[in-house]
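Here is final19.cif, consisting of mmCIF, C-alpha atoms and all ligand atoms:
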```cif
data_my_file
#
loop_
_atom_site.label_atom_id
_atom_site.label_comp_id
_atom_site.auth_asym_id
_atom_site.auth_seq_id
_atom_site.Cartn_x
_atom_site.Cartn_y
_atom_site.Cartn_z
CA MET G 1 0.00 0.00 0.00
CA VAL G 2 2.74 2.45 1.06
CA ASN G 3 4.79 1.47 -2.01
CA THR G 4 1.84 2.10 -4.31
CA VAL G 5 1.33 5.56 -2.79
CA ASN G 6 5.06 6.35 -3.19
CA PHE G 7 5.02 5.20 -6.80
CA LYS G 8 2.02 7.40 -7.59
CA LEU G 9 3.67 10.37 -5.85
CA ASP G 10 6.90 9.79 -7.83
CA LYS G 11 4.94 9.84 -11.05
CA PHE G 12 3.07 12.96 -9.89
CA PHE G 13 6.28 14.87 -9.14
CA LEU G 14 8.02 13.68 -12.29
CA ARG G 15 5.46 15.65 -14.24
CA PHE G 16 6.66 18.89 -12.64
CA VAL G 17 10.39 18.32 -12.81
CA ASN G 18 11.83 21.09 -14.94
CA THR G 19 14.36 19.91 -17.46
CA ASP G 20 16.02 21.84 -20.28
CA TYR G 21 14.58 19.35 -22.79
CA ASP G 22 12.13 16.48 -22.81
CA ILE G 23 14.50 14.34 -24.86
CA ILE G 24 18.20 14.71 -25.57
CA VAL G 25 19.64 12.55 -28.34
CA ALA G 26 23.39 11.93 -28.24
CA GLY G 27 24.80 11.69 -31.77
CA ALA G 28 23.47 13.07 -35.07
CA GLY G 29 24.16 9.85 -36.94
CA ILE G 30 21.58 7.91 -38.88
CA ALA G 31 20.04 6.47 -35.69
CA GLY G 32 20.12 9.63 -33.59
CA MET G 33 18.48 11.84 -36.20
CA ILE G 34 15.69 9.34 -36.88
CA ALA G 35 15.05 8.84 -33.15
CA ALA G 36 14.71 12.60 -32.63
CA THR G 37 12.49 13.04 -35.69
CA SER G 38 10.33 10.07 -34.70
CA ALA G 39 9.87 11.41 -31.15
CA SER G 40 8.86 14.81 -32.43
CA ILE G 41 6.36 13.31 -34.86
CA TYR G 42 4.87 10.85 -32.34
CA SER G 43 4.47 13.69 -29.81
CA HIS G 44 2.73 15.86 -32.45
CA HIS G 45 5.63 18.30 -32.09
CA ASN G 46 4.78 18.84 -28.43
CA LEU G 47 8.11 17.83 -26.92
CA LYS G 48 11.34 19.80 -26.71
CA ILE G 49 14.02 17.69 -28.35
CA LEU G 50 17.74 18.37 -28.72
CA VAL G 51 20.29 16.43 -30.79
CA ILE G 52 23.94 16.89 -29.85
CA ASP G 53 26.97 16.00 -31.97
CA ARG G 54 30.68 16.70 -31.94
CA ASN G 55 30.73 17.39 -35.68
CA PRO G 56 29.98 20.79 -37.21
CA GLN G 57 26.66 20.78 -39.12
CA PRO G 58 28.16 20.70 -42.67
CA ILE G 59 29.81 17.35 -41.90
CA ALA G 60 26.93 15.88 -39.90
CA GLY G 61 26.95 12.11 -39.56
CA LYS G 62 30.71 11.77 -40.00
CA LYS G 63 31.58 8.74 -37.88
CA THR G 64 35.29 9.10 -37.56
CA LEU G 65 38.22 11.19 -38.81
CA THR G 66 38.38 9.09 -41.99
CA GLY G 67 34.79 9.75 -42.97
CA TRP G 68 31.26 8.37 -43.15
CA VAL G 69 32.73 4.89 -43.33
CA CYS G 70 30.14 2.35 -44.44
CA GLY G 71 29.26 -0.10 -47.21
CA ASP G 72 26.22 2.17 -47.74
CA ALA G 73 23.80 -0.72 -48.48
CA VAL G 74 20.34 -0.97 -46.97
CA GLY G 75 17.20 -2.95 -47.73
CA LYS G 76 14.27 -0.98 -49.13
CA ASN G 77 12.04 -2.68 -46.54
CA SER G 78 13.81 -0.86 -43.69
CA VAL G 79 13.46 2.53 -45.37
CA ASP G 80 9.79 1.72 -46.07
CA TYR G 81 9.33 0.86 -42.38
CA MET G 82 10.34 4.43 -41.52
CA THR G 83 8.28 6.02 -44.31
CA ASN G 84 5.16 4.07 -43.39
CA ARG G 85 5.35 5.03 -39.72
CA ILE G 86 6.68 8.59 -39.63
CA GLY G 87 6.28 9.72 -43.22
CA ILE G 88 9.96 10.48 -43.86
CA GLN G 89 10.96 9.67 -47.44
CA TRP G 90 14.41 9.32 -48.98
CA GLY G 91 15.19 9.78 -52.66
CA LYS G 92 17.99 11.11 -54.81
CA PRO G 93 20.71 12.20 -54.03
CA GLU G 94 20.84 10.46 -50.61
CA ILE G 95 19.79 7.24 -52.34
CA GLU G 96 22.60 6.96 -54.85
CA HIS G 97 21.80 3.69 -56.61
CA PRO G 98 19.11 0.97 -56.45
CA VAL G 99 19.93 -2.75 -56.38
CA LYS G 100 17.78 -5.86 -56.82
CA GLY G 101 19.38 -7.74 -53.94
CA VAL G 102 22.56 -9.20 -52.52
CA VAL G 103 24.58 -12.10 -53.99
CA ALA G 104 27.19 -14.02 -52.01
CA TYR G 105 29.97 -15.91 -53.84
CA SER G 106 32.11 -18.82 -52.68
CA PRO G 107 35.92 -18.35 -52.87
CA ASP G 108 36.09 -19.82 -56.41
CA HIS G 109 33.01 -17.81 -57.48
CA GLY G 110 31.50 -21.16 -58.57
CA THR G 111 28.66 -21.07 -56.08
CA SER G 112 26.35 -18.12 -55.63
CA ILE G 113 23.52 -17.49 -53.22
CA TYR G 114 21.07 -14.79 -54.18
CA PHE G 115 19.14 -12.84 -51.54
CA ASP G 116 16.63 -11.08 -53.73
CA GLY G 117 14.88 -7.98 -52.45
CA ASP G 118 15.13 -4.35 -53.48
CA GLY G 119 17.75 -2.32 -51.79
CA TYR G 120 19.61 0.97 -51.96
CA ILE G 121 23.22 2.06 -51.95
CA LEU G 122 23.11 5.30 -49.99
CA ASN G 123 25.31 8.35 -50.06
CA ARG G 124 26.19 8.54 -46.36
CA ARG G 125 27.83 11.94 -46.78
CA LEU G 126 24.67 13.55 -48.21
CA LEU G 127 22.04 11.61 -46.23
CA PRO G 128 22.69 13.42 -42.90
CA GLN G 129 21.93 16.77 -44.56
CA LYS G 130 18.53 15.45 -45.67
CA GLN G 131 17.99 13.99 -42.19
CA PHE G 132 18.96 17.30 -40.58
CA ASN G 133 16.45 19.22 -42.74
CA ASP G 134 13.70 16.69 -41.97
CA ALA G 135 14.39 16.96 -38.23
CA VAL G 136 14.47 20.77 -38.21
CA LYS G 137 11.13 20.85 -40.09
CA VAL G 138 9.47 19.00 -37.19
CA GLY G 139 11.01 21.26 -34.57
CA VAL G 140 14.06 19.30 -33.43
CA GLU G 141 16.88 21.53 -32.12
CA PHE G 142 20.60 20.85 -32.70
CA GLN G 143 23.75 21.55 -30.76
CA TRP G 144 26.86 21.04 -32.88
CA GLU G 145 30.50 20.83 -31.87
CA VAL G 146 29.98 19.46 -28.40
CA ALA G 147 31.89 16.33 -27.42
CA LEU G 148 29.83 14.44 -24.88
CA ARG G 149 31.71 12.83 -22.04
CA SER G 150 28.97 11.05 -20.08
CA VAL G 151 25.39 11.13 -19.01
CA TYR G 152 24.58 13.14 -15.94
CA ALA G 153 22.83 11.02 -13.27
CA GLU G 154 21.17 11.54 -9.91
CA ASP G 155 19.37 9.08 -7.61
CA GLY G 156 19.92 6.21 -10.03
CA PHE G 157 18.32 8.08 -12.94
CA VAL G 158 19.93 9.52 -16.04
CA LYS G 159 18.96 13.19 -15.98
CA GLY G 160 20.97 14.70 -18.81
CA VAL G 161 24.37 14.84 -20.47
CA ILE G 162 27.73 16.44 -19.78
CA GLY G 163 30.28 17.38 -22.40
CA THR G 164 32.68 19.98 -23.69
CA TYR G 165 32.17 22.78 -26.23
CA LEU G 166 34.89 22.10 -28.78
CA LYS G 167 35.27 25.80 -29.65
CA ASP G 168 36.57 26.82 -26.21
CA ASN G 169 36.67 23.70 -24.03
CA SER G 170 34.01 25.07 -21.68
CA VAL G 171 31.59 22.73 -19.94
CA PHE G 172 28.32 21.76 -21.58
CA LYS G 173 25.52 20.41 -19.39
CA LYS G 174 21.84 19.96 -20.24
CA THR G 175 19.07 18.04 -18.55
CA ALA G 176 16.26 15.94 -20.03
CA LYS G 177 13.63 13.41 -19.02
CA VAL G 178 15.10 10.85 -21.41
CA VAL G 179 18.53 10.60 -23.02
CA ILE G 180 18.64 8.52 -26.20
CA ASP G 181 22.20 7.38 -26.90
CA GLY G 182 22.93 7.17 -30.62
CA ALA G 183 26.63 7.92 -30.28
CA GLY G 184 27.83 4.92 -32.25
CA VAL G 185 29.75 1.76 -31.43
CA THR G 186 32.29 3.51 -29.20
CA SER G 187 29.68 5.47 -27.21
CA VAL G 188 31.27 6.86 -24.06
CA LEU G 189 27.81 7.37 -22.58
CA ARG G 190 27.15 3.63 -22.62
CA THR G 191 30.69 2.69 -21.56
CA ASN G 192 30.61 5.05 -18.56
CA LEU G 193 26.93 4.62 -17.68
CA PRO G 194 26.87 5.49 -13.96
CA ILE G 195 23.48 3.98 -13.01
CA LYS G 196 22.49 0.44 -12.04
CA SER G 197 21.22 -1.22 -15.19
CA TYR G 198 21.09 -4.47 -17.16
CA ILE G 199 22.75 -2.66 -20.08
CA GLN G 200 26.12 -4.20 -21.01
CA ARG G 201 28.80 -1.49 -21.07
CA THR G 202 31.55 -3.21 -23.02
CA ILE G 203 31.83 -5.59 -25.93
CA ASP G 204 33.98 -8.68 -26.43
CA ARG G 205 36.83 -7.79 -28.79
CA ASP G 206 36.07 -10.84 -30.95
CA ASP G 207 32.63 -9.38 -31.62
CA LEU G 208 34.14 -6.32 -33.33
CA GLU G 209 35.22 -6.37 -36.97
CA ALA G 210 37.91 -4.04 -38.29
CA THR G 211 36.57 -2.76 -41.59
CA GLY G 212 37.52 -0.39 -44.35
CA ARG G 213 36.47 0.61 -47.82
CA TYR G 214 37.10 2.79 -50.83
CA ILE G 215 34.57 4.70 -52.90
CA LEU G 216 36.06 4.49 -56.39
CA GLU G 217 35.28 5.63 -59.91
CA PHE G 218 36.69 3.36 -62.62
CA GLU G 219 36.61 2.30 -66.24
CA PRO G 220 34.78 -1.04 -66.53
CA ALA G 221 37.32 -3.45 -68.04
CA SER G 222 35.27 -6.63 -68.23
CA ASP G 223 31.74 -7.87 -67.85
CA ASP G 224 32.42 -10.45 -65.13
CA LYS G 225 29.30 -10.13 -62.99
CA THR G 226 30.88 -12.15 -60.15
CA TYR G 227 33.21 -9.17 -59.56
CA PHE G 228 30.96 -6.21 -60.30
CA ASP G 229 27.25 -6.12 -61.00
CA PRO G 230 25.38 -2.81 -61.27
CA ASP G 231 22.21 -4.62 -60.17
CA TYR G 232 23.50 -6.56 -57.16
CA ALA G 233 25.46 -5.92 -53.99
CA ILE G 234 28.21 -8.57 -54.15
CA ILE G 235 29.65 -10.32 -51.11
CA HIS G 236 32.78 -12.48 -51.43
CA LEU G 237 33.23 -15.13 -48.77
CA ASP G 238 36.90 -16.01 -48.60
CA GLN G 239 39.04 -16.56 -45.50
CA ILE G 240 42.22 -15.52 -47.29
CA ILE G 241 40.77 -12.28 -48.63
CA ALA G 242 38.68 -11.40 -45.56
CA PRO G 243 39.49 -13.67 -42.58
CA GLY G 244 36.59 -13.85 -40.12
CA GLY G 245 34.49 -11.52 -42.24
CA TYR G 246 33.68 -10.88 -45.89
CA ALA G 247 34.59 -8.61 -48.76
CA TRP G 248 32.10 -6.55 -50.73
CA VAL G 249 31.61 -4.80 -54.09
CA PHE G 250 28.55 -2.55 -53.86
CA PRO G 251 27.67 -0.65 -57.08
CA LYS G 252 27.06 3.11 -56.94
CA SER G 253 26.58 3.39 -60.72
CA ASP G 254 27.91 1.51 -63.78
CA CYS G 255 31.39 2.86 -63.06
CA LYS G 256 31.42 3.76 -59.36
CA VAL G 257 31.75 1.36 -56.45
CA ASN G 258 31.92 1.02 -52.70
CA ILE G 259 34.52 -1.72 -52.24
CA GLY G 260 35.96 -3.02 -49.00
CA LEU G 261 36.16 -5.75 -46.44
CA GLY G 262 35.91 -6.55 -42.76
CA VAL G 263 38.09 -8.88 -40.71
CA GLN G 264 38.11 -10.36 -37.24
CA GLN G 265 41.51 -9.68 -35.69
CA LYS G 266 41.82 -13.18 -34.23
CA SER G 267 41.14 -14.79 -37.63
CA MET G 268 43.48 -12.31 -39.31
CA ASP G 269 46.31 -13.37 -36.97
CA ILE G 270 45.67 -17.06 -37.75
CA ARG G 271 45.55 -16.31 -41.50
CA ASN G 272 48.82 -14.37 -41.43
CA LYS G 273 50.55 -17.04 -39.33
CA THR G 274 49.35 -19.84 -41.63
CA LEU G 275 50.46 -18.00 -44.77
CA GLY G 276 53.65 -16.63 -43.21
CA LYS G 277 52.53 -13.05 -43.99
CA LYS G 278 52.34 -9.79 -42.08
CA GLU G 279 49.45 -8.12 -43.90
CA ASP G 280 47.12 -5.56 -42.38
CA LEU G 281 43.59 -4.43 -43.24
CA LYS G 282 44.69 -1.76 -45.74
CA MET G 283 46.95 -4.21 -47.58
CA LEU G 284 44.09 -6.71 -47.85
CA ILE G 285 41.74 -4.06 -49.23
CA ASP G 286 44.30 -2.72 -51.72
CA ASN G 287 44.94 -6.24 -52.96
CA TYR G 288 41.20 -6.95 -53.20
CA VAL G 289 40.77 -3.90 -55.45
CA LYS G 290 43.80 -4.90 -57.53
CA ILE G 291 42.56 -8.43 -58.28
CA ASN G 292 39.14 -7.21 -59.43
CA PRO G 293 39.20 -7.61 -63.25
CA VAL G 294 36.33 -5.16 -63.81
CA ILE G 295 37.93 -2.22 -62.02
CA ARG G 296 40.46 -0.50 -64.30
CA ASN G 297 42.12 2.86 -63.55
CA PRO G 298 40.39 3.33 -60.20
CA LYS G 299 40.27 6.87 -58.84
CA ILE G 300 39.11 7.79 -55.34
CA ALA G 301 35.76 9.58 -55.65
CA ASP G 302 36.30 13.19 -54.63
CA GLY G 303 33.37 15.18 -56.01
CA ILE G 304 31.20 17.26 -53.65
CA ALA G 305 29.02 14.22 -52.89
CA ASP G 306 32.02 12.21 -51.69
CA GLU G 307 34.39 14.90 -50.42
CA GLY G 308 36.52 13.55 -47.57
CA ASN G 309 34.86 10.16 -47.86
CA GLY G 310 36.78 8.23 -50.52
CA TRP G 311 38.77 6.05 -48.15
CA GLY G 312 38.25 5.13 -44.51
CA THR G 313 38.37 2.49 -41.81
CA TRP G 314 36.18 1.97 -38.78
CA GLN G 315 34.77 -0.85 -36.70
CA VAL G 316 31.46 -2.64 -36.63
CA SER G 317 29.98 -5.00 -34.07
CA VAL G 318 28.78 -8.46 -35.11
CA ARG G 319 26.89 -9.81 -32.12
CA ARG G 320 23.28 -9.70 -30.98
CA GLN G 321 22.08 -6.31 -29.79
CA ASN G 322 22.80 -5.27 -26.21
CA ASP G 323 20.94 -7.60 -23.81
CA CYS G 324 19.05 -4.60 -22.46
CA MET G 325 18.58 -1.28 -24.22
CA VAL G 326 16.96 0.83 -21.49
CA GLY G 327 17.85 2.13 -18.05
CA ASN G 328 16.21 4.77 -15.85
CA GLY G 329 15.94 7.81 -18.16
CA TYR G 330 18.21 6.24 -20.79
CA MET G 331 17.85 4.34 -24.08
CA ILE G 332 20.43 3.15 -26.61
CA VAL G 333 19.96 2.90 -30.36
CA GLY G 334 21.91 1.93 -33.48
CA ASP G 335 25.59 1.01 -33.20
CA ALA G 336 25.65 2.26 -29.60
CA ALA G 337 23.43 -0.76 -28.88
CA TRP G 338 25.47 -3.10 -31.15
CA MET G 339 22.56 -3.51 -33.54
CA PRO G 340 24.36 -4.51 -36.76
CA LYS G 341 23.26 -8.02 -37.68
CA PRO G 342 25.88 -10.68 -36.85
CA LEU G 343 25.55 -12.38 -40.24
CA ASP G 344 26.28 -9.42 -42.51
CA ALA G 345 27.13 -6.48 -40.20
CA GLY G 346 24.23 -4.57 -41.70
CA GLY G 347 23.48 -1.89 -39.13
CA ILE G 348 21.54 0.71 -41.10
CA GLY G 349 18.29 -1.29 -41.27
CA PRO G 350 18.21 -2.14 -37.57
CA ALA G 351 19.21 1.46 -36.72
CA ILE G 352 16.31 2.84 -38.77
CA ILE G 353 13.77 0.45 -37.23
CA ALA G 354 15.04 0.87 -33.67
CA ALA G 355 15.21 4.65 -33.95
CA VAL G 356 11.60 4.91 -35.13
CA ILE G 357 10.55 2.71 -32.18
CA ALA G 358 12.81 4.48 -29.66
CA GLY G 359 11.21 7.81 -30.55
CA LYS G 360 7.70 6.37 -30.16
CA ASP G 361 8.44 4.57 -26.88
CA ALA G 362 10.25 7.56 -25.35
CA VAL G 363 7.21 9.72 -26.07
CA GLN G 364 4.87 7.12 -24.56
CA ALA G 365 6.98 6.95 -21.39
CA ILE G 366 7.12 10.74 -21.04
CA GLU G 367 3.37 11.07 -21.60
CA ALA G 368 2.78 8.37 -18.96
CA ASN G 369 5.16 10.24 -16.60
CA ASP G 370 7.24 7.12 -16.15
CA THR G 371 10.68 7.30 -17.74
CA SER G 372 12.09 4.62 -15.44
CA GLU G 373 13.58 1.40 -16.81
CA ARG G 374 10.11 -0.12 -16.40
CA GLY G 375 8.42 2.77 -18.21
CA LEU G 376 10.84 2.48 -21.15
CA TRP G 377 10.92 -1.34 -21.23
CA ASN G 378 8.53 -1.65 -24.21
CA TYR G 379 11.42 -0.56 -26.43
CA ASN G 380 13.27 -3.84 -25.75
CA VAL G 381 10.19 -5.83 -26.70
CA ASP G 382 9.11 -3.71 -29.68
CA PHE G 383 12.58 -3.87 -31.26
CA VAL G 384 12.77 -7.65 -31.00
CA ASN G 385 9.25 -7.97 -32.41
CA ASP G 386 9.87 -5.70 -35.39
C1 LIG G 401 33.21 -0.22 -43.12
C2 LIG G 401 31.78 -0.39 -42.71
C3 LIG G 401 30.87 -0.86 -43.62
C4 LIG G 401 29.52 -0.98 -43.28
N1 LIG G 401 28.65 -1.35 -44.23
C5 LIG G 401 27.34 -1.38 -43.96
C6 LIG G 401 26.38 -1.63 -44.97
O1 LIG G 401 26.70 -1.77 -46.16
N2 LIG G 401 25.07 -1.70 -44.64
C7 LIG G 401 24.65 -1.51 -43.34
O2 LIG G 401 23.45 -1.62 -43.08
N3 LIG G 401 25.54 -1.22 -42.37
C8 LIG G 401 26.85 -1.13 -42.63
N4 LIG G 401 27.75 -0.78 -41.65
C9 LIG G 401 27.22 -0.39 -40.33
C10 LIG G 401 26.59 1.00 -40.38
O3 LIG G 401 27.48 1.90 -40.97
C11 LIG G 401 26.20 1.45 -38.98
O4 LIG G 401 25.39 0.44 -38.42
C12 LIG G 401 25.46 2.79 -38.93
O5 LIG G 401 26.22 3.83 -39.46
C13 LIG G 401 25.10 3.10 -37.47
O6 LIG G 401 24.60 4.41 -37.35
P1 LIG G 401 24.56 5.12 -35.91
O7 LIG G 401 23.79 6.36 -36.12
O8 LIG G 401 24.11 4.15 -34.89
O9 LIG G 401 26.07 5.43 -35.55
P2 LIG G 401 27.13 6.37 -36.27
O10 LIG G 401 26.88 6.41 -37.73
O11 LIG G 401 28.46 5.89 -35.81
O12 LIG G 401 26.84 7.84 -35.69
C14 LIG G 401 27.26 8.22 -34.39
C15 LIG G 401 27.21 9.73 -34.29
O13 LIG G 401 27.49 10.06 -32.93
C16 LIG G 401 28.44 11.10 -32.89
N5 LIG G 401 29.21 10.95 -31.65
C17 LIG G 401 29.91 9.85 -31.25
N6 LIG G 401 30.47 10.05 -30.07
C18 LIG G 401 30.15 11.32 -29.69
C19 LIG G 401 30.45 12.10 -28.56
N7 LIG G 401 31.22 11.65 -27.56
N8 LIG G 401 29.95 13.36 -28.50
C20 LIG G 401 29.17 13.85 -29.51
N9 LIG G 401 28.86 13.15 -30.61
C21 LIG G 401 29.34 11.89 -30.70
C22 LIG G 401 29.29 10.92 -34.13
O14 LIG G 401 29.90 12.14 -34.51
C23 LIG G 401 28.25 10.45 -35.15
O15 LIG G 401 27.65 11.53 -35.81
C24 LIG G 401 29.10 -0.66 -41.95
C25 LIG G 401 30.02 -0.20 -41.02
C26 LIG G 401 31.34 -0.06 -41.37
C27 LIG G 401 32.31 0.47 -40.37
#
```

Go ahead and render the structure in this file as structure tokens.
Amino acid sequence: MVNTVNFKLDKFFLRFVNTDYDIIVAGAGIAGMIAATSASIYSHHNLKILVIDRNPQPIAGKKTLTGWVCGDAVGKNSVDYMTNRIGIQWGKPEIEHPVKGVVAYSPDHGTSIYFDGDGYILNRRLLPQKQFNDAVKVGVEFQWEVALRSVYAEDGFVKGVIGTYLKDNSVFKKTAKVVIDGAGVTSVLRTNLPIKSYIQRTIDRDDLEATGRYILEFEPASDDKTYFDPDYAIIHLDQIIAPGGYAWVFPKSDCKVNIGLGVQQKSMDIRNKTLGKKEDLKMLIDNYVKINPVIRNPKIADGIADEGNGWGTWQVSVRRQNDCMVGNGYMIVGDAAWMPKPLDAGGIGPAIIAAVIAGKDAVQAIEANDTSERGLWNYNVDFVND
């Protein structure tokens, strides 16, 4: 009886707690911007929402110093999921090239497995600008050039974020009823989460792939569709070329390609030891480009649409998503929650779906005046279901 009264009082007072924002989203990546936009749309633009990123606005979505590093491929079904629920549509130029599906080849290219289903090769450099405009149109606010250091917590609840203004190193601190962490695979908010929670803070090293890719323009030198196919995203399974991972050739036009590979460090060490070599990720990628008979005179794409994004390396998780994705006042989405699928490291689709749901479930929790772990729990269930 006493507990019930306390719980009702807690909910009553929560309603009157003054925070700078209703929702703060950490990270203006693909997941963060969709989560913020979704929350604004589900709340009928009634909530105050802030997205924070360390990048300046013109290079929004840049993951790391070497660029918007990604294979850029996503299934149409995931984009449709977003469009059907929150009305956001993507087209040209952020969708750079359509494909009919994915095809995986055995090492000798003799066996192929087709996964048919429409998909897109995105332009990850341009997409964030479209996402930014969509978010601003529904009232989302942005704070650029702030490096977040941690969430700010009190009484076992996340109550905001703390960071540093990059322009002068002064302290940044803002409060919110819910913080949605979309700060990517290396999120410091998740790693340093100071509240009691089921959320796993760190990832097993073997569950991280080291990956890299080029975006290249080239003169097509042959018609071998097992090496380049303008209609299919090609995956090469080969433990010499990509130990513990796979290599890919994703078409961006008839003469432009996103080409790269991912490796598991442990498998890479075994491969090098077995072959008596000392090759690293970059050497494997350069060799993979060189042996492709279709790609002649490759040139790193450097037009406005690809500026600063022609070559890059980063990491991607290949495990199930975090066992729990909510804590008191806190949710994680996208790579911050290790959402890329273990089979193919595709993280864009899960990030889109989770971000739409995270926005909806954050709004529901705020409207119900219960942003505790229990109040946000639906997000765990809804993500698994969808
Ligand atoms: C080489 C490579 C190839 C891939 N290929 C594919 C593919 O073909 N298809 C696919 O579906 N997936 C692919 N993925 C995975 C996909 O890129 C990710 O799943 C996706 O980008 C995740 O988006 P996100 O918004 O969660 O994180 P991110 O894109 O990493 O965005 C995180 C954002 O948070 C910001 N941020 C981070 N830390 C801070 C901080 N402390 N303070 C302030 N801001 C911060 C960053 O600036 C960034 O804007 C690939 C990944 C790699 C590395």

Write out as JSON lines a residue-level contact list of range 230-326 of chain G versus range 69-74 of chain G with cut-off 12 Å: for each qualifying residue the closest pair of atoms and the distance in Å to one decimal, counting only C-alpha atoms, rows sorted by chain and residue number upward.
```
{"residue": "G:Tyr232", "atom": "CA", "partner": "G:Ala73", "partner_atom": "CA", "distance": 10.5}
{"residue": "G:Ala233", "atom": "CA", "partner": "G:Ala73", "partner_atom": "CA", "distance": 7.8}
{"residue": "G:Ile234", "atom": "CA", "partner": "G:Ala73", "partner_atom": "CA", "distance": 10.6}
{"residue": "G:Ile235", "atom": "CA", "partner": "G:Gly71", "partner_atom": "CA", "distance": 10.9}
{"residue": "G:Tyr246", "atom": "CA", "partner": "G:Gly71", "partner_atom": "CA", "distance": 11.7}
{"residue": "G:Ala247", "atom": "CA", "partner": "G:Gly71", "partner_atom": "CA", "distance": 10.2}
{"residue": "G:Trp248", "atom": "CA", "partner": "G:Gly71", "partner_atom": "CA", "distance": 7.9}
{"residue": "G:Val249", "atom": "CA", "partner": "G:Gly71", "partner_atom": "CA", "distance": 8.7}
{"residue": "G:Phe250", "atom": "CA", "partner": "G:Gly71", "partner_atom": "CA", "distance": 7.1}
{"residue": "G:Pro251", "atom": "CA", "partner": "G:Ala73", "partner_atom": "CA", "distance": 9.4}
{"residue": "G:Lys252", "atom": "CA", "partner": "G:Asp72", "partner_atom": "CA", "distance": 9.3}
{"residue": "G:Val257", "atom": "CA", "partner": "G:Gly71", "partner_atom": "CA", "distance": 9.7}
{"residue": "G:Asn258", "atom": "CA", "partner": "G:Gly71", "partner_atom": "CA", "distance": 6.2}
{"residue": "G:Ile259", "atom": "CA", "partner": "G:Gly71", "partner_atom": "CA", "distance": 7.5}
{"residue": "G:Gly260", "atom": "CA", "partner": "G:Gly71", "partner_atom": "CA", "distance": 7.5}
{"residue": "G:Leu261", "atom": "CA", "partner": "G:Gly71", "partner_atom": "CA", "distance": 9.0}
{"residue": "G:Gly262", "atom": "CA", "partner": "G:Gly71", "partner_atom": "CA", "distance": 10.3}
{"residue": "G:Asp306", "atom": "CA", "partner": "G:Val69", "partner_atom": "CA", "distance": 11.1}
{"residue": "G:Gly308", "atom": "CA", "partner": "G:Val69", "partner_atom": "CA", "distance": 10.4}
{"residue": "G:Asn309", "atom": "CA", "partner": "G:Val69", "partner_atom": "CA", "distance": 7.3}
{"residue": "G:Gly310", "atom": "CA", "partner": "G:Val69", "partner_atom": "CA", "distance": 8.9}
{"residue": "G:Trp311", "atom": "CA", "partner": "G:Val69", "partner_atom": "CA", "distance": 7.8}
{"residue": "G:Gly312", "atom": "CA", "partner": "G:Val69", "partner_atom": "CA", "distance": 5.6}
{"residue": "G:Thr313", "atom": "CA", "partner": "G:Val69", "partner_atom": "CA", "distance": 6.3}
{"residue": "G:Trp314", "atom": "CA", "partner": "G:Val69", "partner_atom": "CA", "distance": 6.4}
{"residue": "G:Gln315", "atom": "CA", "partner": "G:Val69", "partner_atom": "CA", "distance": 9.0}
{"residue": "G:Val316", "atom": "CA", "partner": "G:Cys70", "partner_atom": "CA", "distance": 9.4}
```

Take the selection from the previous step and output its residues with C-alpha atoms, as a JSON list (two decimals), in the frame of the given file.
```
[["chain", "number", "residue", "atom", "x", "y", "z"],
["G", 232, "TYR", "CA", 23.50, -6.56, -57.16],
["G", 233, "ALA", "CA", 25.46, -5.92, -53.99],
["G", 234, "ILE", "CA", 28.21, -8.57, -54.15],
["G", 235, "ILE", "CA", 29.65, -10.32, -51.11],
["G", 246, "TYR", "CA", 33.68, -10.88, -45.89],
["G", 247, "ALA", "CA", 34.59, -8.61, -48.76],
["G", 248, "TRP", "CA", 32.10, -6.55, -50.73],
["G", 249, "VAL", "CA", 31.61, -4.80, -54.09],
["G", 250, "PHE", "CA", 28.55, -2.55, -53.86],
["G", 251, "PRO", "CA", 27.67, -0.65, -57.08],
["G", 252, "LYS", "CA", 27.06, 3.11, -56.94],
["G", 257, "VAL", "CA", 31.75, 1.36, -56.45],
["G", 258, "ASN", "CA", 31.92, 1.02, -52.70],
["G", 259, "ILE", "CA", 34.52, -1.72, -52.24],
["G", 260, "GLY", "CA", 35.96, -3.02, -49.00],
["G", 261, "LEU", "CA", 36.16, -5.75, -46.44],
["G", 262, "GLY", "CA", 35.91, -6.55, -42.76],
["G", 306, "ASP", "CA", 32.02, 12.21, -51.69],
["G", 308, "GLY", "CA", 36.52, 13.55, -47.57],
["G", 309, "ASN", "CA", 34.86, 10.16, -47.86],
["G", 310, "GLY", "CA", 36.78, 8.23, -50.52],
["G", 311, "TRP", "CA", 38.77, 6.05, -48.15],
["G", 312, "GLY", "CA", 38.25, 5.13, -44.51],
["G", 313, "THR", "CA", 38.37, 2.49, -41.81],
["G", 314, "TRP", "CA", 36.18, 1.97, -38.78],
["G", 315, "GLN", "CA", 34.77, -0.85, -36.70],
["G", 316, "VAL", "CA", 31.46, -2.64, -36.63]]
```

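Among the candidate residues G:Leu166, G:Leu189, G:Ile291, G:Val136, the one lying nearest to Tyr152 in chain G is G:Leu189, with distances computed using all atoms listed in the file.
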
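Considering the residues G:Ile300, G:Leu47, G:Ile41, G:Ile121 and counting all atoms listed in the file, Ile348 in chain G has its shortest atom-to-atom contact with G:Ile121.
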
Using only C-alpha atoms and all ligand atoms, find each protein or nucleic acid residue lying at most 7 Å from ligand LIG 401 (chain G); present the set as JSON, numbers by chain. {"G": [26, 27, 28, 29, 30, 31, 32, 52, 53, 54, 55, 60, 61, 62, 63, 64, 69, 70, 71, 72, 73, 74, 146, 147, 148, 149, 182, 183, 184, 185, 186, 187, 188, 211, 212, 213, 262, 313, 314, 315, 316, 333, 334, 335, 336, 339, 340, 345, 346, 347, 348, 349, 351]}
